[in-house]
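A.B. asks: Sending over a structure as structure tokens; questions will come in a sec.
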Amino acid sequence: MWEHPQDSLVRLKPRPGLTIVSRSRTVLISGLDGFIREGSEQGLYSHETRLLSRAVYKINNREPVPVALSNVESHSWLGYYISVPPGIAPGPADHGSGQVQQITQETLELRLSRFVGDGVHEDIELTNFSQKSTDFEFQVELDADFADIAEVTSQRRQFGTVRRLWRQLAADVWELRFYYHSSRTHRDQGPAGTVHIYRGISVRIERASSPPAFQNGRVSFHVLLDPKKTWRACLNFTPQMEGRPLSFSYPCESFYGTRHEWDARKSLFLSDSTLFSSPDSDALTPVVMKALRQAQSDLSALRLYDLDIDEKTWTLAAGLPIYVALYGRDALTTAWQSGLANVDLMRGALPVLARWQGTELNDWRDEQPGRMLHEMHPGPIHELDMDPFGRYYGSITTSGLYALIVAELWHWTGDKALVRPFVEPALKALDWLNKYGDMDSDGFFEYRTRSEKGVENQGWKDSRDAIVYEDGALVKAPVATCEEQAFAYVAKLHMSELLWWLDRKDEAKRLYHEASELKKRFNEAFWMEDENFFAMGLDPQKRKIKSIGSNAGHCLAAGIVDLSLVSLTAGRLLGDDLFSGWGVRTLSSEHPAYNPYSYHRGSVWPVEHGTFAIGFMRYGLHQHVDLISRAMFEACACFEHHRLPEIFAGHPRDEAHPFPGLYPKANWPQAWSSSTLFSLLQAMLGLYPFAPLHMLLVDPHLPEWLPEITLRNLHVGEGVVSLRFYRTKDGFSHHQILDKRGPIHILLQPSPWSLTAGFGERMKDALTSLLPGK
């Protein structure tokens, strides 16, 4: 078994047969050769609609040979292809060194440069590197099917009419346009009606060195190239949604610099974010640094620019390539976990979700007044109301998380004016929990869909077979899962504190009392003495669901676990059947329903580990933090770009499994797999902000594999600080203030709930915090 994956040759890539180039709601998915072919999930997508289902480039009816193809950034891509120039006869065999082929000695190069925004700009260049002239047809085969992204790997559900139009717009401008119209008359759990969608794509050809012609799905150019000469053309692919063309303005060869307003917004986010650095080391440090920087870049790459409120107030898609939409709990979880890097995501997610908060009783959408959005999709099947997911509320998680993130934004900023607009939406969400979430008035929060096509499991784990009895049988709703009680508890507790600061004392007392009573009931009802662990949930008859899974880790992070049960819960969470060596499995490997490749029955979700680490930090369980943090960063070392996927398989880390398997449809990047890394680091450094008092608490416990790290430009309220954390040979960790601007105090202090910090340590921390410069 490799003890140091960063030293091995393992570099995993989810969806290994695909290349993905994306920005905002536009995603180009091609094969590894850069071409788009029918019969797969490849395509050019915008707003979850496959606009192009085929894009293949040929020279005299033959595809060129790809030799070097790669993303430059997440939204840009470059491909080099070569071919023997047509008309040049085969040369004699070369028996010298290098196994020389004619194609490398007499070469016609095709270079494709792509830039994705609300559409695609493509530069095409053909260069003759031979010593003879060549004459040929260059062909671009294009087609469109307007499938919903959910249909491309399953049965087609919506059908419409596709029209094609070829025309010349100006002396050197031609256009191939695809139009699509579909309609549906519906009678699903609501008023009947007819819905129409109009979508399309314009392929505009400009600045071509020779004029194009179009016939039978193929745009053709006659090319005559003398030696060392280059033929060029520009293709602009512009999506049209409901008859409206999307704006797109990337010029030719836009690989570097600020060429678009979105580039400027990305640069602003990265420049305002916390900077991470560390001296070179033989430990895991280089992987940590690369993974953190990639995570920041990926969060920016997932930005949904059409939901921007301003340049610093924005939210993001859940993941690429299939979750390019707003998911409520994903946006909130990512925003919370990445607070150490930047609070812009909290500032953006809260107003966007408040805008779509439930206002009516609508069973089709599982909507009730006050309920927070689960997901919102613009794809054809959703716009045609073939399912409720165009705007769907079937999650119990989002409503609790919303109130928690409002409080977290308060902790990071201390800005009453900033958080005040979100207080009422948060209270409405908590009222929804009390009125609609507690279905049988037993003081616990359950879920059950009311929609004919709704999500069955509406807790943290939302796949159909996620919640199972100990014998493997599916649990029917209504179900009260343990983690949802924890989310409700911490949301009410933190909102009570914020309300106290806002001088709404009576409401604060009420929420504090509700949280305290929930905690008491929870520990009595969910604890399993025979397992020394919390039940996964309560079934419709209020029997404990005794399956062992990762759910209880969220209870530690939320603080709902009674102090006497913390060590037992944490230890069981890291038992051999749950902890694979790469991470905590969603379900015990000893369970009858365990499957390492399943979505929620034995797989490993990176997002959970940032949350678990915060829970371990809360109780001073630093060895636990070390263990799961190392596992996650070593998992980073196994993946290209040190980027964690949405999910990976739960295989044990042993001699027979030098790396884990992959879930076939994992998103990569996934927003909350990026944000989890910041929570892991926050836990190792013991950082907790409390901007209302201009204070940052620190309690670093750096592991051997990360002996030093520096954070610069860390914002807490109006203060900005740069801190160096380092571990000495005696195993103790320390911090050094490198720079401090604005009102901020750095206080060395263990968590108040720490099970490992002694009285003397607390006194030392309290005294040293009074020294000059602290």
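Following the order of the structure tokens, chains are lettered A, B, ..., residues in each are numbered from 1, and ligands are numbered from 1.
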If you count only C-alpha atoms, which residues fall within 9 Å of Gln6 of chain A, apart from same-chain ones fewer than 4 positions away, as a list in words?

C.D. replies: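 The residues satisfying every condition are Val10, Leu284, Val287, Glu634, Ala635, Cys636, Ala637 and Cys638 of chain A.
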
A.B. asks: Next, the residues of the selection above should be written as a PDB file, in the first residue's frame with N, CA, C and O atoms.

C.D. replies:
```
ATOM      1  N   VAL A  10      -0.480   7.469  -9.435  1.00  0.00           N
ATOM      2  CA  VAL A  10      -1.936   7.486  -9.480  1.00  0.00           C
ATOM      3  C   VAL A  10      -2.432   8.908  -9.721  1.00  0.00           C
ATOM      4  O   VAL A  10      -2.111   9.829  -8.966  1.00  0.00           O
ATOM      5  N   LEU A 284       3.143  16.430   2.984  1.00  0.00           N
ATOM      6  CA  LEU A 284       1.975  16.544   2.111  1.00  0.00           C
ATOM      7  C   LEU A 284       1.692  18.001   1.747  1.00  0.00           C
ATOM      8  O   LEU A 284       0.763  18.299   1.001  1.00  0.00           O
ATOM      9  N   VAL A 287       0.791  19.270  -1.843  1.00  0.00           N
ATOM     10  CA  VAL A 287      -0.540  18.840  -2.268  1.00  0.00           C
ATOM     11  C   VAL A 287      -1.601  19.730  -1.645  1.00  0.00           C
ATOM     12  O   VAL A 287      -2.560  20.148  -2.313  1.00  0.00           O
ATOM     13  N   GLU A 634      -4.702  13.337   0.975  1.00  0.00           N
ATOM     14  CA  GLU A 634      -4.056  12.254   0.233  1.00  0.00           C
ATOM     15  C   GLU A 634      -4.951  11.772  -0.899  1.00  0.00           C
ATOM     16  O   GLU A 634      -4.450  11.352  -1.951  1.00  0.00           O
ATOM     17  N   ALA A 635      -6.257  11.828  -0.696  1.00  0.00           N
ATOM     18  CA  ALA A 635      -7.171  11.537  -1.810  1.00  0.00           C
ATOM     19  C   ALA A 635      -6.997  12.584  -2.910  1.00  0.00           C
ATOM     20  O   ALA A 635      -7.002  12.253  -4.099  1.00  0.00           O
ATOM     21  N   CYS A 636      -6.824  13.848  -2.530  1.00  0.00           N
ATOM     22  CA  CYS A 636      -6.557  14.905  -3.525  1.00  0.00           C
ATOM     23  C   CYS A 636      -5.359  14.536  -4.390  1.00  0.00           C
ATOM     24  O   CYS A 636      -5.359  14.761  -5.610  1.00  0.00           O
ATOM     25  N   ALA A 637      -4.329  13.979  -3.757  1.00  0.00           N
ATOM     26  CA  ALA A 637      -3.102  13.635  -4.484  1.00  0.00           C
ATOM     27  C   ALA A 637      -3.353  12.579  -5.551  1.00  0.00           C
ATOM     28  O   ALA A 637      -2.561  12.451  -6.493  1.00  0.00           O
ATOM     29  N   CYS A 638      -4.438  11.819  -5.430  1.00  0.00           N
ATOM     30  CA  CYS A 638      -4.743  10.755  -6.390  1.00  0.00           C
ATOM     31  C   CYS A 638      -5.476  11.271  -7.618  1.00  0.00           C
ATOM     32  O   CYS A 638      -5.624  10.529  -8.595  1.00  0.00           O
TER      33      CYS A 638
END
```

A.B. asks: As a list in words, please: the residues near Asn523 of chain A (cut-off 12 Å, only C-alpha atoms, same-chain neighbours under 6 positions excluded).

C.D. replies: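 The residues that qualify are Phe444, Cys482, Gln485, Ala486, Ser516, Glu517, Glu529, Asn532, Phe533, Phe534, Ala535, Gly537, Ala552, Cys555, Leu556, Gly559, Ile560, Val561, Asp562, Leu563, Ser564, Leu565, Val566 and Thr569 of chain A.
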
A.B. asks: Keeping C-alpha atoms for every residue in the selection just given, could you write it to a file as a PDB file, in the first residue's frame?

C.D. replies:
```pdb
ATOM      1  CA  PHE A 444     -38.899  15.899  15.617  1.00  0.00           C
ATOM      2  CA  CYS A 482     -30.727  12.231  12.891  1.00  0.00           C
ATOM      3  CA  GLN A 485     -32.628  17.233  13.889  1.00  0.00           C
ATOM      4  CA  ALA A 486     -29.054  18.471  14.272  1.00  0.00           C
ATOM      5  CA  SER A 516     -32.495  23.177  24.184  1.00  0.00           C
ATOM      6  CA  GLU A 517     -35.621  21.020  24.310  1.00  0.00           C
ATOM      7  CA  GLU A 529     -26.828   1.849  23.784  1.00  0.00           C
ATOM      8  CA  ASN A 532     -22.679   3.253  21.127  1.00  0.00           C
ATOM      9  CA  PHE A 533     -23.910   5.357  18.241  1.00  0.00           C
ATOM     10  CA  PHE A 534     -26.888   7.358  17.061  1.00  0.00           C
ATOM     11  CA  ALA A 535     -29.635   5.789  14.989  1.00  0.00           C
ATOM     12  CA  GLY A 537     -33.320   8.007  12.016  1.00  0.00           C
ATOM     13  CA  ALA A 552     -24.194  11.033  13.005  1.00  0.00           C
ATOM     14  CA  CYS A 555     -24.720  15.724  14.775  1.00  0.00           C
ATOM     15  CA  LEU A 556     -21.257  16.204  16.281  1.00  0.00           C
ATOM     16  CA  GLY A 559     -23.377  20.311  18.848  1.00  0.00           C
ATOM     17  CA  ILE A 560     -26.621  18.437  19.473  1.00  0.00           C
ATOM     18  CA  VAL A 561     -24.774  15.422  20.920  1.00  0.00           C
ATOM     19  CA  ASP A 562     -24.722  15.214  24.711  1.00  0.00           C
ATOM     20  CA  LEU A 563     -21.159  15.774  25.956  1.00  0.00           C
ATOM     21  CA  SER A 564     -21.086  12.325  27.570  1.00  0.00           C
ATOM     22  CA  LEU A 565     -21.695  10.675  24.183  1.00  0.00           C
ATOM     23  CA  VAL A 566     -19.222  12.652  22.074  1.00  0.00           C
ATOM     24  CA  THR A 569     -19.810   8.775  18.635  1.00  0.00           C
TER      25      THR A 569
END
```

A.B. asks: For segment 710-719 of chain A, list every protein, DNA or RNA residue within 9 Å, evaluated using only C-alpha atoms, and leave out those in the same chain fewer than 5 positions away; present the list as number ranges by chain.

C.D. replies: A: 271-278, 340-343, 410-415, 689-692, 694-696, 724-726, 738-745

A.B. asks: Write out, as JSON lines, each residue of segment 542-628 of chain A that has an atom at most 12 Å from segment 315-336 of chain A, together with the closest pair of atoms and their distance in Å to one decimal, counting only C-alpha atoms, rows going by chain and rising number.

C.D. replies:
```
{"residue": "A:Pro606", "atom": "CA", "partner": "A:Thr334", "partner_atom": "CA", "distance": 12.0}
{"residue": "A:Val607", "atom": "CA", "partner": "A:Thr333", "partner_atom": "CA", "distance": 8.7}
{"residue": "A:Glu608", "atom": "CA", "partner": "A:Thr333", "partner_atom": "CA", "distance": 10.1}
{"residue": "A:Gly610", "atom": "CA", "partner": "A:Thr333", "partner_atom": "CA", "distance": 10.3}
{"residue": "A:Thr611", "atom": "CA", "partner": "A:Thr333", "partner_atom": "CA", "distance": 9.3}
{"residue": "A:Ile614", "atom": "CA", "partner": "A:Trp336", "partner_atom": "CA", "distance": 11.5}
```

A.B. asks: Using atom CA of Thr449 of chain A and atom CA of Ala426 of chain A as the two end points, give the distance in Å to one decimal.

C.D. replies: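 Result for atom CA of Thr449 of chain A versus atom CA of Ala426 of chain A: 22.2 Å, one decimal.
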
A.B. asks: Write out as a PyMOL selection string the set of residues from segment 451-620 of chain A that DSSP, computed on the backbone, places in strand (DSSP E or B).

C.D. replies: chain A and resi 468+474+479-481+527-528+533-534+537-538+544-545+549+579+584-585+587+604

A.B. asks: Show which residues sit within 10 Å of His75 of chain A, as a PDB file with N, CA, C and O atoms, in the first residue's frame. Count only C-alpha atoms, and ignore same-chain residues fewer than 3 positions away.

C.D. replies:
```pdb
ATOM      1  N   ILE A  20     -14.320  18.640 -20.517  1.00  0.00           N
ATOM      2  CA  ILE A  20     -15.370  19.588 -20.150  1.00  0.00           C
ATOM      3  C   ILE A  20     -14.797  20.995 -20.124  1.00  0.00           C
ATOM      4  O   ILE A  20     -13.788  21.255 -19.465  1.00  0.00           O
ATOM      5  N   VAL A  21     -15.434  21.900 -20.852  1.00  0.00           N
ATOM      6  CA  VAL A  21     -15.081  23.317 -20.870  1.00  0.00           C
ATOM      7  C   VAL A  21     -16.363  24.070 -20.539  1.00  0.00           C
ATOM      8  O   VAL A  21     -17.393  23.855 -21.187  1.00  0.00           O
ATOM      9  N   SER A  22     -16.328  24.964 -19.547  1.00  0.00           N
ATOM     10  CA  SER A  22     -17.595  25.537 -19.105  1.00  0.00           C
ATOM     11  C   SER A  22     -17.410  26.926 -18.511  1.00  0.00           C
ATOM     12  O   SER A  22     -16.321  27.301 -18.074  1.00  0.00           O
ATOM     13  N   ARG A  23     -18.510  27.644 -18.495  1.00  0.00           N
ATOM     14  CA  ARG A  23     -18.618  28.878 -17.734  1.00  0.00           C
ATOM     15  C   ARG A  23     -20.090  29.194 -17.559  1.00  0.00           C
ATOM     16  O   ARG A  23     -20.877  29.078 -18.494  1.00  0.00           O
ATOM     17  N   SER A  24     -20.449  29.573 -16.324  1.00  0.00           N
ATOM     18  CA  SER A  24     -21.833  29.878 -15.981  1.00  0.00           C
ATOM     19  C   SER A  24     -22.722  28.704 -16.406  1.00  0.00           C
ATOM     20  O   SER A  24     -22.457  27.563 -16.032  1.00  0.00           O
ATOM     21  N   THR A  26     -23.224  27.498 -19.461  1.00  0.00           N
ATOM     22  CA  THR A  26     -22.833  26.876 -20.726  1.00  0.00           C
ATOM     23  C   THR A  26     -21.748  25.843 -20.476  1.00  0.00           C
ATOM     24  O   THR A  26     -20.735  26.143 -19.847  1.00  0.00           O
ATOM     25  N   VAL A  27     -21.971  24.627 -20.962  1.00  0.00           N
ATOM     26  CA  VAL A  27     -21.039  23.527 -20.753  1.00  0.00           C
ATOM     27  C   VAL A  27     -20.809  22.824 -22.085  1.00  0.00           C
ATOM     28  O   VAL A  27     -21.763  22.387 -22.737  1.00  0.00           O
ATOM     29  N   LEU A  28     -19.551  22.709 -22.480  1.00  0.00           N
ATOM     30  CA  LEU A  28     -19.193  21.962 -23.679  1.00  0.00           C
ATOM     31  C   LEU A  28     -18.547  20.658 -23.236  1.00  0.00           C
ATOM     32  O   LEU A  28     -17.490  20.658 -22.609  1.00  0.00           O
ATOM     33  N   ASN A  71      -7.546  21.631 -21.492  1.00  0.00           N
ATOM     34  CA  ASN A  71      -8.055  22.890 -20.968  1.00  0.00           C
ATOM     35  C   ASN A  71      -6.876  23.815 -20.689  1.00  0.00           C
ATOM     36  O   ASN A  71      -5.808  23.372 -20.253  1.00  0.00           O
ATOM     37  N   VAL A  72      -7.069  25.095 -20.921  1.00  0.00           N
ATOM     38  CA  VAL A  72      -6.127  26.116 -20.463  1.00  0.00           C
ATOM     39  C   VAL A  72      -6.616  26.668 -19.135  1.00  0.00           C
ATOM     40  O   VAL A  72      -5.879  26.740 -18.154  1.00  0.00           O
ATOM     41  N   ARG A 114     -10.881  27.285 -28.101  1.00  0.00           N
ATOM     42  CA  ARG A 114     -12.271  27.470 -27.689  1.00  0.00           C
ATOM     43  C   ARG A 114     -12.343  28.300 -26.414  1.00  0.00           C
ATOM     44  O   ARG A 114     -11.550  28.109 -25.489  1.00  0.00           O
ATOM     45  N   PHE A 115     -13.370  29.165 -26.362  1.00  0.00           N
ATOM     46  CA  PHE A 115     -13.590  30.031 -25.214  1.00  0.00           C
ATOM     47  C   PHE A 115     -15.087  30.027 -24.911  1.00  0.00           C
ATOM     48  O   PHE A 115     -15.896  30.397 -25.768  1.00  0.00           O
ATOM     49  N   VAL A 116     -15.436  29.595 -23.711  1.00  0.00           N
ATOM     50  CA  VAL A 116     -16.836  29.397 -23.351  1.00  0.00           C
ATOM     51  C   VAL A 116     -17.296  30.512 -22.418  1.00  0.00           C
ATOM     52  O   VAL A 116     -16.612  30.851 -21.452  1.00  0.00           O
ATOM     53  N   GLY A 117     -18.435  31.081 -22.721  1.00  0.00           N
ATOM     54  CA  GLY A 117     -19.106  32.040 -21.849  1.00  0.00           C
ATOM     55  C   GLY A 117     -20.578  31.724 -21.907  1.00  0.00           C
ATOM     56  O   GLY A 117     -20.985  30.605 -21.636  1.00  0.00           O
ATOM     57  N   VAL A 120     -20.028  29.928 -27.208  1.00  0.00           N
ATOM     58  CA  VAL A 120     -18.650  29.495 -27.478  1.00  0.00           C
ATOM     59  C   VAL A 120     -18.087  30.301 -28.630  1.00  0.00           C
ATOM     60  O   VAL A 120     -18.759  30.484 -29.657  1.00  0.00           O
ATOM     61  N   PHE A 255      -6.927  33.563 -24.503  1.00  0.00           N
ATOM     62  CA  PHE A 255      -6.455  32.670 -23.450  1.00  0.00           C
ATOM     63  C   PHE A 255      -6.046  33.411 -22.180  1.00  0.00           C
ATOM     64  O   PHE A 255      -6.230  32.921 -21.082  1.00  0.00           O
ATOM     65  N   ALA A 301     -15.074  29.087 -10.990  1.00  0.00           N
ATOM     66  CA  ALA A 301     -15.473  28.536 -12.286  1.00  0.00           C
ATOM     67  C   ALA A 301     -16.928  28.079 -12.297  1.00  0.00           C
ATOM     68  O   ALA A 301     -17.554  28.015 -13.360  1.00  0.00           O
TER      69      ALA A 301
END
```

A.B. asks: Interatomic distance between atom CA of Ala570 of chain A and atom CA of Ser629 of chain A?

C.D. replies: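 Spanning atom CA of Ala570 of chain A to atom CA of Ser629 of chain A is a straight-line distance of 14.6 Å.
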